[in-house]
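To keep things clear, I will list the structure first and then write my remarks on it.
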Amino acid sequence: MQKIKFKYKRKTMIMSPLNYSGNKSKILKTLISLFPKNIKIFVDVFCGSGIVGLNAKFKNLILNDKEKHIIDLLQYFQNNSLDNILNQINKIIVEYKLTDSKNKPKGFYKIYKNEGLSRYNKDGFLELRKSYNQNPSEIKLFVLIIFGFNYFLRFNSKGLFNVPVGKTDFSNFQYKKSVEFIQALQNKNIKLLNLDFREKELYKNGDFFYFDPPYFITDAPYNASWNEQDEKDLYNILDSINSKNKKFALSNVLESNGKSNNFLKDWSKKYSIIHIDRQYTNANYRRKNLGKTQEVLIINY
Ligand SMILES: C[S@@+](CC[C@H](N)C(=O)[O-])C[C@H]1O[C@@H](n2cnc3c(N)ncnc32)[C@H](O)[C@@H]1O
């Protein structure tokens with residue numbers, strides 16, 4: 001059994017203030033330590049929050065996701081100055097009378113058990129949500145995510161943002177995360193794309209491709225529409241990258257809560273499979289003693 005030594009130096013990782021569902025924050029260090037060196041262009045085909053690319057030691061990134069709202073938000077962060085973004089957030093907090101714990105003395109707001117700050121913010125949040133749904137903007141959406149329940153990004157069938165108020169606000173912690181995240185987005189050379197993973201344009205320029213698709217056998221909001229055809233199209237793309245002598249890494253699970261992804265098990269036999277510990281702190285090659293959810297990284301290098 002081969003253990004992997006982690007060589008990553010930075011102690012803390014850049015985290016996304018979006019807390020994106022299915023994000024790779026818990027296994028980020030391990031994941032990045034398993035990426036190849038000397039890559040000219042890194043492509044994150046299912047980037048979600050973008051934190052994998054932002055933390056990987058590559059300068060040139062292509063970040064892609066089919067979810068237009070997330071790409072628009074990343075683009076907004078990339079194209080506006082940090083001061084301007086923070087001012088806009090502040091303006092919305094004042095206009096909609098939302099809590100501002102960062103700028104208030106400790107204990108200023110009474111935190112109600114199990115409710116956090118939601119009592120203070122409910123009315124203003126609903127007003128802001130109404131305003132966003134009538135007249136959307138990236139910055140309103142960002143504030144809605146920060147003040148919304150569990151940082152969800154969710155829309156109903158009519159395309160209206162429908163998340164209820166959450167328990168927290170734009171706290172010191174959220175502020176720090178947001179500043180670091182926005183600075184990282186602005187400091188790297190990043191091209192953002194909003195394409196389906198099958199689009200050829202995605203594969204024209206990169207030399208290392210990372211895939212973190214919806215998992216065929218687990219439940220997440222964006223997994224519902226992921227089907228057998230998507231799964232097979234993905235394997236074909238990975239085989240085609242391999243045949244061009246380019247590198248790929250695929251995050252996935254082989255088993256989860258009694259379900260098994262047999263397509264993936266069969267297909268992945270020709271590549272290297274790295275089993276990532278369930279505690280997400282370590283990784284072992286070809287680990288035998290597997291837990292309920294087998295998080296894996298499948299690589300061709
Ligand atoms: C597991 S999440 C990625 C999380 C990301 N690695 C992170 O750390 O935040 C999977 C992503 O795939 C995107 N997605 C789903 N179907 C897609 C498709 N057909 N083409 C491109 N992206 C897709 C979803 O919008 C979602 O953001």
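All residue names refer to the structure tokens as shown: chains lettered A, B, ... in order, residues numbered from 1 in each chain, ligands numbered from 1 in order.
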
Checklist entry - Which residues come within 8 Å of Met15 of chain A, counting only C-alpha atoms, excluding same-chain residues fewer than 2 positions away, as a ChimeraX atom specification? => result /A:13,17,19,25,51,177,180-181

Once you have the residues from the selection above, write them out as a PDB file, in the first residue's frame, restricted to C-alpha atoms.
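Writing the result to selection_28.pdb gives the following:
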ATOM      1  CA  MET A  13      -6.631  27.166   1.375  1.00  0.00           C
ATOM      2  CA  PRO A  17     -17.793  32.292   0.260  1.00  0.00           C
ATOM      3  CA  ASN A  19     -20.086  27.223   0.101  1.00  0.00           C
ATOM      4  CA  SER A  25     -12.982  21.939   0.140  1.00  0.00           C
ATOM      5  CA  ILE A  51     -11.883  26.551  -5.625  1.00  0.00           C
ATOM      6  CA  LYS A 177     -13.298  34.396   2.707  1.00  0.00           C
ATOM      7  CA  GLU A 180      -9.374  36.131  -0.469  1.00  0.00           C
ATOM      8  CA  PHE A 181     -11.566  34.462  -3.043  1.00  0.00           C
TER       9      PHE A 181
END

Checklist entry - Could you pull the residues within 10 Å of Lys246 of chain A, counting only C-alpha atoms, minus those fewer than 2 positions along the same chain, as a PyMOL selection string? => result chain A and resi 203+206-209+238+240-244+248+300-301

Next on the checklist: Show me, as a PyMOL selection string, the residues that have an atom within 9 Å of Leu98 of chain A when counting only C-alpha atoms, minus same-chain residues fewer than 5 positions from it.
Outcome noted: chain A and resi 92-93+120-125+147+169

Checklist entry - Given a cut-off of 9 Å, what residues near ligand 1 show up using only C-alpha atoms and all ligand atoms, put as a ChimeraX atom specification? => result /A:16,18-25,28,44-53,64-68,70,194-199,210-215,220-223,225-226,230,251-252

Item to check | All strand (DSSP E or B) residues (DSSP, backbone) inside segment 3-185 of chain A, as a list in words | outcome: Lys3, Ile41, Phe42, Val43, Asp44, Asn60, Leu61, Ile62, Leu63, Asn64, Tyr112, Gly116, Gly148, Phe155, Phe161 and Val165 of chain A

Just the selected residues (all heavy atoms), exported as a short mmCIF file (atom, residue, chain, number, x, y, z; two decimals), in the first residue's frame, please.
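part_37.cif, freshly written:
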data_model
loop_
_atom_site.label_atom_id
_atom_site.label_comp_id
_atom_site.auth_asym_id
_atom_site.auth_seq_id
_atom_site.Cartn_x
_atom_site.Cartn_y
_atom_site.Cartn_z
N LYS A 3 1.57 5.16 0.44
CA LYS A 3 1.00 6.37 1.04
C LYS A 3 1.49 7.59 0.29
O LYS A 3 2.60 7.61 -0.20
CB LYS A 3 1.41 6.49 2.50
CG LYS A 3 0.77 5.46 3.38
CD LYS A 3 0.28 6.09 4.66
CE LYS A 3 -0.54 5.08 5.42
NZ LYS A 3 -1.21 5.66 6.56
N ILE A 41 -1.83 24.94 -19.16
CA ILE A 41 -3.23 25.38 -19.01
C ILE A 41 -4.06 24.29 -18.34
O ILE A 41 -4.17 23.16 -18.85
CB ILE A 41 -3.85 25.74 -20.38
CG1 ILE A 41 -3.04 26.84 -21.08
CG2 ILE A 41 -5.30 26.20 -20.20
CD1 ILE A 41 -3.54 27.22 -22.45
N PHE A 42 -4.62 24.65 -17.20
CA PHE A 42 -5.45 23.72 -16.43
C PHE A 42 -6.92 24.02 -16.76
O PHE A 42 -7.36 25.16 -16.70
CB PHE A 42 -5.18 23.96 -14.94
CG PHE A 42 -6.14 23.27 -14.00
CD1 PHE A 42 -6.08 21.90 -13.80
CD2 PHE A 42 -7.09 24.01 -13.29
CE1 PHE A 42 -6.94 21.27 -12.91
CE2 PHE A 42 -7.95 23.38 -12.39
CZ PHE A 42 -7.88 22.01 -12.20
N VAL A 43 -7.67 22.96 -17.07
CA VAL A 43 -9.09 23.15 -17.37
C VAL A 43 -9.93 22.42 -16.34
O VAL A 43 -9.80 21.20 -16.17
CB VAL A 43 -9.44 22.61 -18.79
CG1 VAL A 43 -10.88 22.96 -19.16
CG2 VAL A 43 -8.48 23.17 -19.84
N ASP A 44 -10.78 23.17 -15.61
CA ASP A 44 -11.70 22.55 -14.66
C ASP A 44 -13.07 22.54 -15.34
O ASP A 44 -13.75 23.57 -15.44
CB ASP A 44 -11.73 23.37 -13.36
CG ASP A 44 -12.53 22.68 -12.26
OD1 ASP A 44 -13.24 21.70 -12.58
OD2 ASP A 44 -12.45 23.13 -11.10
N ASN A 60 -2.50 29.54 -15.45
CA ASN A 60 -3.51 29.73 -16.50
C ASN A 60 -4.64 28.72 -16.32
O ASN A 60 -4.40 27.51 -16.39
CB ASN A 60 -2.88 29.55 -17.87
CG ASN A 60 -1.74 30.51 -18.08
OD1 ASN A 60 -1.88 31.71 -17.84
ND2 ASN A 60 -0.59 30.00 -18.48
N LEU A 61 -5.83 29.25 -16.10
CA LEU A 61 -6.95 28.36 -15.84
C LEU A 61 -8.09 28.61 -16.83
O LEU A 61 -8.35 29.75 -17.19
CB LEU A 61 -7.54 28.61 -14.45
CG LEU A 61 -6.65 28.74 -13.23
CD1 LEU A 61 -7.51 29.04 -12.01
CD2 LEU A 61 -5.88 27.45 -13.01
N ILE A 62 -8.76 27.52 -17.17
CA ILE A 62 -10.06 27.66 -17.83
C ILE A 62 -11.07 27.04 -16.87
O ILE A 62 -10.93 25.87 -16.50
CB ILE A 62 -10.07 26.95 -19.21
CG1 ILE A 62 -9.06 27.62 -20.15
CG2 ILE A 62 -11.48 26.98 -19.81
CD1 ILE A 62 -8.91 26.95 -21.50
N LEU A 63 -12.02 27.84 -16.41
CA LEU A 63 -13.04 27.33 -15.50
C LEU A 63 -14.37 27.30 -16.24
O LEU A 63 -14.80 28.32 -16.78
CB LEU A 63 -13.16 28.23 -14.25
CG LEU A 63 -11.91 28.45 -13.40
CD1 LEU A 63 -12.25 29.29 -12.17
CD2 LEU A 63 -11.30 27.12 -12.96
N ASN A 64 -14.99 26.14 -16.23
CA ASN A 64 -16.25 25.99 -16.95
C ASN A 64 -17.32 25.38 -16.06
O ASN A 64 -17.04 24.52 -15.22
CB ASN A 64 -16.04 25.06 -18.15
CG ASN A 64 -17.35 24.76 -18.86
OD1 ASN A 64 -17.94 25.67 -19.48
ND2 ASN A 64 -17.85 23.53 -18.75
N TYR A 112 -31.01 34.17 18.45
CA TYR A 112 -32.05 33.28 18.96
C TYR A 112 -31.68 31.84 18.66
O TYR A 112 -31.23 31.52 17.57
CB TYR A 112 -33.40 33.63 18.31
CG TYR A 112 -33.88 35.00 18.68
CD1 TYR A 112 -33.66 36.08 17.83
CD2 TYR A 112 -34.53 35.22 19.89
CE1 TYR A 112 -34.09 37.35 18.16
CE2 TYR A 112 -34.96 36.49 20.24
CZ TYR A 112 -34.73 37.55 19.37
OH TYR A 112 -35.14 38.81 19.71
N GLY A 116 -30.44 31.73 14.74
CA GLY A 116 -29.34 32.63 14.38
C GLY A 116 -29.84 34.05 14.22
O GLY A 116 -30.54 34.57 15.10
N GLY A 148 -28.83 33.70 2.70
CA GLY A 148 -29.84 32.68 2.46
C GLY A 148 -29.55 31.40 3.23
O GLY A 148 -28.46 31.20 3.77
N PHE A 155 -33.22 27.71 -7.78
CA PHE A 155 -34.25 28.45 -8.52
C PHE A 155 -35.43 27.52 -8.79
O PHE A 155 -35.23 26.31 -8.98
CB PHE A 155 -33.66 28.94 -9.86
CG PHE A 155 -32.53 29.92 -9.66
CD1 PHE A 155 -31.23 29.46 -9.45
CD2 PHE A 155 -32.77 31.28 -9.65
CE1 PHE A 155 -30.18 30.35 -9.24
CE2 PHE A 155 -31.73 32.18 -9.44
CZ PHE A 155 -30.44 31.72 -9.23
N PHE A 161 -35.33 32.75 -7.93
CA PHE A 161 -34.54 32.34 -6.76
C PHE A 161 -35.53 32.10 -5.62
O PHE A 161 -36.35 32.96 -5.30
CB PHE A 161 -33.56 33.47 -6.41
CG PHE A 161 -32.62 33.13 -5.28
CD1 PHE A 161 -31.46 32.42 -5.52
CD2 PHE A 161 -32.89 33.53 -3.98
CE1 PHE A 161 -30.57 32.11 -4.49
CE2 PHE A 161 -32.01 33.23 -2.94
CZ PHE A 161 -30.86 32.52 -3.20
N VAL A 165 -34.64 32.66 4.03
CA VAL A 165 -33.60 33.36 4.78
C VAL A 165 -32.76 32.36 5.59
O VAL A 165 -33.25 31.33 6.03
CB VAL A 165 -34.22 34.43 5.71
CG1 VAL A 165 -35.03 33.81 6.85
CG2 VAL A 165 -33.15 35.38 6.25
#

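With only C-alpha atoms as the atoms that count, the minimum distance from Tyr109 of chain A to the choices A:Val179, A:Ile276, A:Asn156, A:Thr168 is reached by A:Thr168.
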
Checklist entry - as a PyMOL selection string, which residues of segment 88-244 of chain A does DSSP assign to alpha helix (DSSP H)? => result chain A and resi 88-95+118-134+138-147+172-187+228-243

Next on the checklist: I want to know what sits within 9 Å of Glu231 of chain A, based on only C-alpha atoms, with residues of the same chain fewer than 3 positions away left out; could you give that as a ChimeraX atom specification?
Outcome noted: /A:213,215-216,226-228,234-236,263-264

Please produce an output containing all heavy atoms for each residue in the selection, written as a short mmCIF file (atom, residue, chain, number, x, y, z; two decimals), in the first residue's frame.
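Resulting contents of again.cif:
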data_model
loop_
_atom_site.label_atom_id
_atom_site.label_comp_id
_atom_site.auth_asym_id
_atom_site.auth_seq_id
_atom_site.Cartn_x
_atom_site.Cartn_y
_atom_site.Cartn_z
N PRO A 213 -17.68 15.90 -11.98
CA PRO A 213 -19.05 15.96 -12.49
C PRO A 213 -20.06 15.63 -11.39
O PRO A 213 -19.67 15.19 -10.30
CB PRO A 213 -19.05 14.84 -13.54
CG PRO A 213 -18.08 13.84 -13.01
CD PRO A 213 -17.00 14.65 -12.33
N TYR A 215 -22.26 13.23 -9.45
CA TYR A 215 -22.01 11.80 -9.28
C TYR A 215 -23.28 11.02 -9.61
O TYR A 215 -24.35 11.34 -9.10
CB TYR A 215 -21.54 11.49 -7.85
CG TYR A 215 -20.20 12.13 -7.49
CD1 TYR A 215 -19.78 12.19 -6.17
CD2 TYR A 215 -19.36 12.65 -8.47
CE1 TYR A 215 -18.56 12.76 -5.83
CE2 TYR A 215 -18.14 13.22 -8.14
CZ TYR A 215 -17.75 13.28 -6.82
OH TYR A 215 -16.54 13.85 -6.49
N PHE A 216 -23.10 9.99 -10.43
CA PHE A 216 -24.22 9.21 -10.93
C PHE A 216 -25.03 8.56 -9.79
O PHE A 216 -26.23 8.39 -9.90
CB PHE A 216 -23.63 8.13 -11.87
CG PHE A 216 -24.65 7.37 -12.65
CD1 PHE A 216 -25.67 8.02 -13.33
CD2 PHE A 216 -24.57 5.99 -12.73
CE1 PHE A 216 -26.60 7.31 -14.06
CE2 PHE A 216 -25.50 5.27 -13.46
CZ PHE A 216 -26.51 5.94 -14.13
N TRP A 226 -28.39 14.25 -14.14
CA TRP A 226 -27.21 13.56 -14.67
C TRP A 226 -27.59 12.10 -14.92
O TRP A 226 -27.96 11.37 -14.01
CB TRP A 226 -26.07 13.64 -13.66
CG TRP A 226 -24.77 13.12 -14.18
CD1 TRP A 226 -24.23 11.90 -13.93
CD2 TRP A 226 -23.84 13.79 -15.04
NE1 TRP A 226 -23.04 11.76 -14.57
CE2 TRP A 226 -22.77 12.91 -15.26
CE3 TRP A 226 -23.82 15.05 -15.64
CZ2 TRP A 226 -21.67 13.26 -16.05
CZ3 TRP A 226 -22.74 15.39 -16.43
CH2 TRP A 226 -21.68 14.50 -16.62
N ASN A 227 -27.51 11.65 -16.18
CA ASN A 227 -27.99 10.30 -16.48
C ASN A 227 -26.91 9.40 -17.08
O ASN A 227 -25.76 9.82 -17.24
CB ASN A 227 -29.23 10.37 -17.40
CG ASN A 227 -28.88 11.08 -18.71
OD1 ASN A 227 -27.76 10.98 -19.21
ND2 ASN A 227 -29.84 11.81 -19.25
N GLU A 228 -27.33 8.18 -17.42
CA GLU A 228 -26.39 7.18 -17.94
C GLU A 228 -25.67 7.68 -19.20
O GLU A 228 -24.48 7.44 -19.38
CB GLU A 228 -27.19 5.92 -18.25
CG GLU A 228 -26.37 4.69 -18.33
CD GLU A 228 -27.25 3.47 -18.58
OE1 GLU A 228 -28.24 3.27 -17.85
OE2 GLU A 228 -26.92 2.72 -19.51
N LEU A 234 -19.06 11.18 -20.87
CA LEU A 234 -17.90 11.64 -20.09
C LEU A 234 -16.72 10.67 -20.25
O LEU A 234 -15.59 11.09 -20.51
CB LEU A 234 -18.31 11.76 -18.62
CG LEU A 234 -17.22 12.16 -17.64
CD1 LEU A 234 -16.72 13.56 -17.95
CD2 LEU A 234 -17.76 12.12 -16.20
N TYR A 235 -16.99 9.37 -20.13
CA TYR A 235 -15.90 8.39 -20.30
C TYR A 235 -15.27 8.50 -21.69
O TYR A 235 -14.07 8.38 -21.85
CB TYR A 235 -16.40 6.95 -20.10
CG TYR A 235 -17.07 6.67 -18.77
CD1 TYR A 235 -17.96 5.62 -18.63
CD2 TYR A 235 -16.80 7.45 -17.64
CE1 TYR A 235 -18.58 5.35 -17.42
CE2 TYR A 235 -17.43 7.19 -16.43
CZ TYR A 235 -18.31 6.15 -16.33
OH TYR A 235 -18.94 5.89 -15.14
N ASN A 236 -16.12 8.73 -22.72
CA ASN A 236 -15.58 8.86 -24.09
C ASN A 236 -14.65 10.06 -24.20
O ASN A 236 -13.61 9.99 -24.84
CB ASN A 236 -16.72 9.01 -25.11
CG ASN A 236 -17.40 7.68 -25.35
OD1 ASN A 236 -16.77 6.62 -25.16
ND2 ASN A 236 -18.67 7.70 -25.72
N PHE A 263 -20.62 0.97 -14.10
CA PHE A 263 -20.04 1.50 -15.36
C PHE A 263 -18.65 2.06 -15.07
O PHE A 263 -17.69 1.80 -15.77
CB PHE A 263 -20.86 2.67 -15.92
CG PHE A 263 -22.30 2.37 -16.21
CD1 PHE A 263 -23.29 3.15 -15.64
CD2 PHE A 263 -22.65 1.33 -17.05
CE1 PHE A 263 -24.62 2.90 -15.91
CE2 PHE A 263 -23.98 1.07 -17.32
CZ PHE A 263 -24.97 1.86 -16.74
N LEU A 264 -18.60 2.84 -14.00
CA LEU A 264 -17.33 3.49 -13.66
C LEU A 264 -16.28 2.46 -13.24
O LEU A 264 -15.11 2.55 -13.63
CB LEU A 264 -17.58 4.50 -12.53
CG LEU A 264 -16.38 5.32 -12.08
CD1 LEU A 264 -15.85 6.19 -13.22
CD2 LEU A 264 -16.75 6.24 -10.90
#

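Nearest-residue note for Lys37 of chain A: choosing from A:Leu297, A:Tyr76, A:Lys59, A:Leu54, the minimum distance belongs to A:Lys59, counting only C-alpha atoms.
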
Next on the checklist: Could you tell me how far atom CA of Val296 of chain A sits from atom CA of Lys269 of chain A, in Å to one decimal place?
Outcome noted: 12.6 Å

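The space between atom CA of Asp233 of chain A and atom CA of Ile71 of chain A spans 22.8 Å.
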
Next on the checklist: Residues within 9 Å of Gln183 of chain A, please, as a list in words. Count only C-alpha atoms; anything in the same chain fewer than 3 positions from it doesn't count.
Outcome noted: Phe77, Gln78, Leu82, Ser178, Val179, Glu180, Gln186, Asn187 and Lys188 of chain A

Those same residues - all heavy atoms - I'd like them written as a compact mmCIF listing (two decimals), in the first residue's frame.
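Writing the result to out.txt gives the following:
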# COMPACT_ATOMS: atom_id res chain seq x y z
N PHE A 77 -17.00 38.97 -10.18
CA PHE A 77 -15.88 39.13 -9.23
C PHE A 77 -14.57 39.43 -9.96
O PHE A 77 -13.72 40.16 -9.49
CB PHE A 77 -15.69 37.86 -8.38
CG PHE A 77 -16.78 37.64 -7.36
CD1 PHE A 77 -17.11 36.36 -6.96
CD2 PHE A 77 -17.45 38.71 -6.79
CE1 PHE A 77 -18.10 36.14 -6.01
CE2 PHE A 77 -18.44 38.51 -5.84
CZ PHE A 77 -18.77 37.22 -5.45
N GLN A 78 -14.44 38.81 -11.11
CA GLN A 78 -13.20 38.98 -11.88
C GLN A 78 -13.10 40.39 -12.46
O GLN A 78 -12.02 40.97 -12.51
CB GLN A 78 -13.22 37.96 -13.02
CG GLN A 78 -11.90 37.64 -13.61
CD GLN A 78 -12.04 36.66 -14.76
OE1 GLN A 78 -13.04 36.65 -15.48
NE2 GLN A 78 -11.03 35.84 -14.95
N LEU A 82 -12.21 45.10 -6.07
CA LEU A 82 -12.61 44.60 -4.76
C LEU A 82 -13.37 45.67 -3.98
O LEU A 82 -14.43 45.40 -3.39
CB LEU A 82 -11.35 44.15 -3.99
CG LEU A 82 -11.59 43.57 -2.61
CD1 LEU A 82 -12.48 42.34 -2.65
CD2 LEU A 82 -10.25 43.22 -1.96
N SER A 178 -14.47 36.03 1.36
CA SER A 178 -14.85 36.70 0.10
C SER A 178 -13.66 37.48 -0.47
O SER A 178 -13.39 37.39 -1.67
CB SER A 178 -16.01 37.68 0.33
OG SER A 178 -17.08 37.01 0.92
N VAL A 179 -12.96 38.21 0.41
CA VAL A 179 -11.83 39.02 -0.07
C VAL A 179 -10.76 38.10 -0.68
O VAL A 179 -10.26 38.34 -1.79
CB VAL A 179 -11.26 39.89 1.07
CG1 VAL A 179 -9.92 40.50 0.69
CG2 VAL A 179 -12.25 40.98 1.45
N GLU A 180 -10.42 37.05 0.03
CA GLU A 180 -9.37 36.13 -0.47
C GLU A 180 -9.79 35.49 -1.79
O GLU A 180 -8.99 35.33 -2.71
CB GLU A 180 -9.10 35.04 0.56
CG GLU A 180 -8.25 35.55 1.71
CD GLU A 180 -8.03 34.51 2.80
OE1 GLU A 180 -8.45 33.34 2.64
OE2 GLU A 180 -7.43 34.87 3.81
N GLN A 186 -8.88 37.37 -9.27
CA GLN A 186 -8.32 38.47 -10.06
C GLN A 186 -6.82 38.31 -10.32
O GLN A 186 -6.29 38.89 -11.25
CB GLN A 186 -8.59 39.81 -9.34
CG GLN A 186 -10.09 40.08 -9.25
CD GLN A 186 -10.43 41.43 -8.64
OE1 GLN A 186 -9.58 42.09 -8.08
NE2 GLN A 186 -11.70 41.81 -8.73
N ASN A 187 -6.14 37.52 -9.49
CA ASN A 187 -4.69 37.41 -9.63
C ASN A 187 -4.23 36.33 -10.60
O ASN A 187 -3.08 36.32 -11.00
CB ASN A 187 -4.04 37.15 -8.26
CG ASN A 187 -4.11 38.40 -7.41
OD1 ASN A 187 -4.29 39.49 -7.92
ND2 ASN A 187 -3.99 38.24 -6.10
N LYS A 188 -5.10 35.41 -10.93
CA LYS A 188 -4.69 34.37 -11.88
C LYS A 188 -5.22 34.72 -13.26
O LYS A 188 -6.16 35.51 -13.40
CB LYS A 188 -5.27 33.02 -11.44
CG LYS A 188 -4.59 32.48 -10.19
CD LYS A 188 -4.77 30.98 -10.09
CE LYS A 188 -4.03 30.43 -8.90
NZ LYS A 188 -3.78 29.00 -9.00
